[in-house]
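So the structure is just underneath, and the comments pick up after that.
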Amino acid sequence: MAKQMKPNEIISEIDYKKMPEGSWLDQPAEIKPGMFCWGAKAKSIKAVGFPNARDWNPSEEDWKLPENWQGTVLEAMKDRLGKYRSFKLFMDICVRCGACADKCHFYIGTGDPKNMPVMRAELMRSVYRKYFTTPGKMLGKLAGARELDIKVLKEWWSYFFQCTECRRCSVFCPYGIDQAEITMMGREFLNLLGLNIEWIMGPVANCHMKCNHLGLEPHTIVNNVEFMLDDIETVTGIRINPSFNRKGAEILFVTPSGDLFADPGTYTCMGYLMLFHELGLDYTWSTYASEGGNFGFFSSNEMGKRLNAKIYAEAKRLGVKYIIGGECGHMWRVLSQYMNTWNGPAADFLEVPKSPITGTVFENTRGTRAVHISEFTADLIKHGKLKLDPSRNDHLKVTFHDSCNTARGMGLLEEPRYVLKSVCNNFYEMPEHTIREKTFCCGSGSGLNAGEDIDLRMKGGLPRANAVKHVHDKHGVNLLANVCAIDRATLTTSMDYWVPGVKVAGLSELVANALVMKGEKERTTDLRGEPLPNKAGGDK
Amino acid sequence: MPTFDFQGKAIEVDDDGYLVNLGDWVPDMAPALAAQDGMTLTDAHWEVINFLREYYAKYQIAPMIKILVKEIAKSMGPEKGNTKYLYELYPAGPAKQACRYAGLPKPTGCV
């Protein structure tokens, strides 16, 4: 494997003024070590019944493409243009105003013009023009049209896996062109040729077979949770006894499997357990609906739909009234913007979520019947239902990273901040153009959080890290809070790389640190076992 | 498919050097895999490898780091029950590096 680039090497490589020599239409994509993910394995593709399963290596010349691959792609393109009006629209309406050009974290971090959102879209539009528009058919290159050849296909692969579907560019587009949907179509076409990446297809196959991306089996999930319960008991003196797969529970709780396995997500998970215990919530975990995330969404619409259906099948089987969802990113993009037409509305067997503690009816979830944990928690705090001691988080200076999908995909902007300010005394916002709907991606979303593309990830993570560095230098921020499992994993790597000294935590971990529970012993550490501020000497 | 040459036999590995077939693993393979990285395995390294394999047999996945840390504290003493110690043993990360020597696949997803 190639040696990982150093931060100064990444910085010195960026040159926004460097223009490609000759026409961009003739520049082949460079499949460079550190910048791409391994190709999907035959066994993962076979597991879900996708076509053209084979082992292949993106860095090799021969991608072992099926015969008539052009025909397959063009036929699919024709089909999707008819099926998805948004796709047709996004192929037609761009006027190349350039508003999006410098808004992409991958463009900012690489300086590669083809990472300008307009250019990434143009990779596909040029092919669209050639085969589906009259000027393109007649005038070819003059009309910005080009044939779909192997060079173009490799370029698609390279750049549609250098987009995290974060949709920051679409916020600035005067037409509101959703670049993520273009990337999604690109990946869908590549998928038909067996050209996905293993970091996506491995989790998809796992989720299909074992119901979560990690492939955690039911007894492993229970064992991991038991282990967290031991740690909670050490910190609070309270033994929690949650239920799994319990029929007749009022609420089904679903969270990304990363929370059940990897630090720091496990602390977030301890936070959920503690909050629900304190409320006496009638809820259950499920080892079947054991994945909130949906890597299927990163391969094709059809696969996204298949994985999403599992959550609702389980809700129906258990007979719950509604769902509470944990701190996940794309889970909420799927629920807010796709689920309703894929597998919904869920109105026939679920009720509109109503908090059993405050009586609040979450009208906004009428279609999906799934409430975000931050909405649920913010409502509890607003009604004074939680006893909180924010001074327990006084050793932390916190900033909040809006996850792309919850911010731009569902408009969850105020609730996490309201919760955060209630449980922490030291909160500092990053600059205005890097938060809320203008938030910068972690740099590794949409299934690009592998190990082999680490240079790409650190380049894409630069704009977010740069904003964190700003508040780190100015206010001494040492904790980056968020509500997404990919963030918890990838920002930890990115902070260690760009802004050492800043740790990463899910919001529910900070809630649980501050939560004063009935019958708890005096806490001397936080959930990570670190001493609490002012507690070492006894008195505050 | 890349391979790893072991005692004159080509063993299938994935692009990152993890064994494709778990059944191919034999104890002698761990030092040979470590030698590729210029590492020599000590008893302390083996303590981790043995636990990973035992855990995997039971749970079909590598343990959470928390679980590994606690287990090492139990067998090697509390002063070694921390991630710092594990990273000293396996600089590329206990999950990634030790799993590879132990013949286990690496975890994928939001990790």
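Chain identifiers are assigned as A, B, and so on, following the order in which chains appear in the structure tokens; residues are numbered from 1 within each chain, and ligands are numbered from 1 in order of appearance.
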Fill in: Contacts of Asn241 of chain A within 9 Å, only C-alpha atoms, excl. fewer than 5 positions in-chain, as a ChimeraX atom specification
/A:226,229,277
Can you list, as a PDB file with C-alpha atoms, in the first residue's frame, every protein, DNA or RNA residue that comes within 8 Å of Leu89 of chain B when you count only C-alpha atoms, leaving out same-chain residues fewer than 3 positions away?
ATOM      1  CA  ALA B  44       2.394 -10.248  24.519  1.00  0.00           C
ATOM      2  CA  HIS B  45       1.430 -10.115  20.839  1.00  0.00           C
ATOM      3  CA  TYR B  85      -0.523  -0.400  25.424  1.00  0.00           C
ATOM      4  CA  LEU B  86      -2.335  -2.109  22.557  1.00  0.00           C
ATOM      5  CA  PRO B  94      -4.987  -3.553  17.272  1.00  0.00           C
TER       6      PRO B  94
END
| message | Give me, as an MDAnalysis selection string, all polymer residues having an atom no more than 7 Å from Leu214 of chain A, counting only C-alpha atoms and skipping those fewer than 5 positions away in the same chain. | response | (chainID A and resid 203 206 257) or (chainID B and resid 107:109)
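Proximity to chain A at a cut-off of 9 Å picks out Met1, Asp15, Asp16, Lys58, Tyr59, Gln60, Ile61, Pro63, Met64, Ile65, Lys66, Ile67, Pro107, Thr108, Gly109, Cys110 and Val111 of chain B on chain B, counting only C-alpha atoms.
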Could you write out the selected residues, including C-alpha atoms, as a compact mmCIF listing (two decimals), in the first residue's frame?
# COMPACT_ATOMS: atom_id res chain seq x y z
CA MET B 1 -6.66 -12.05 -6.37
CA ASP B 15 -6.30 -6.22 -1.28
CA ASP B 16 -5.26 -5.24 2.24
CA LYS B 58 -17.76 -17.45 19.45
CA TYR B 59 -19.04 -14.17 17.97
CA GLN B 60 -18.06 -14.20 14.26
CA ILE B 61 -16.47 -10.77 14.49
CA PRO B 63 -14.25 -7.85 19.69
CA MET B 64 -14.95 -4.21 20.47
CA ILE B 65 -11.74 -2.50 21.58
CA LYS B 66 -13.30 -2.09 25.06
CA ILE B 67 -13.64 -5.86 25.35
CA PRO B 107 -14.71 -4.95 10.33
CA THR B 108 -16.57 -2.74 7.82
CA GLY B 109 -19.37 -0.17 7.99
CA CYS B 110 -19.52 2.98 10.11
CA VAL B 111 -16.25 2.21 11.85
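With only C-alpha atoms as the atoms that count, the minimum distance from Asn50 of chain B to the choices B:Gly77, B:Gly23, B:Gly103, B:Pro91 is reached by B:Gly103.
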- [ ] Write down as a ChimeraX atom specification the residues of chain B whose backbone DSSP state falls under helix (DSSP H, G or I).
- [x] /B:22-24,29-36,43-59,65-76,78-80,83-89,94-101
For this session: Would you kindly return, as a ChimeraX atom specification, each protein, DNA or RNA residue with an atom no farther than 7 Å from any atom of Pro390 of chain A, considering only C-alpha atoms and excluding same-chain residues fewer than 2 positions away?
Result: /A:388,392-393,422-425,514
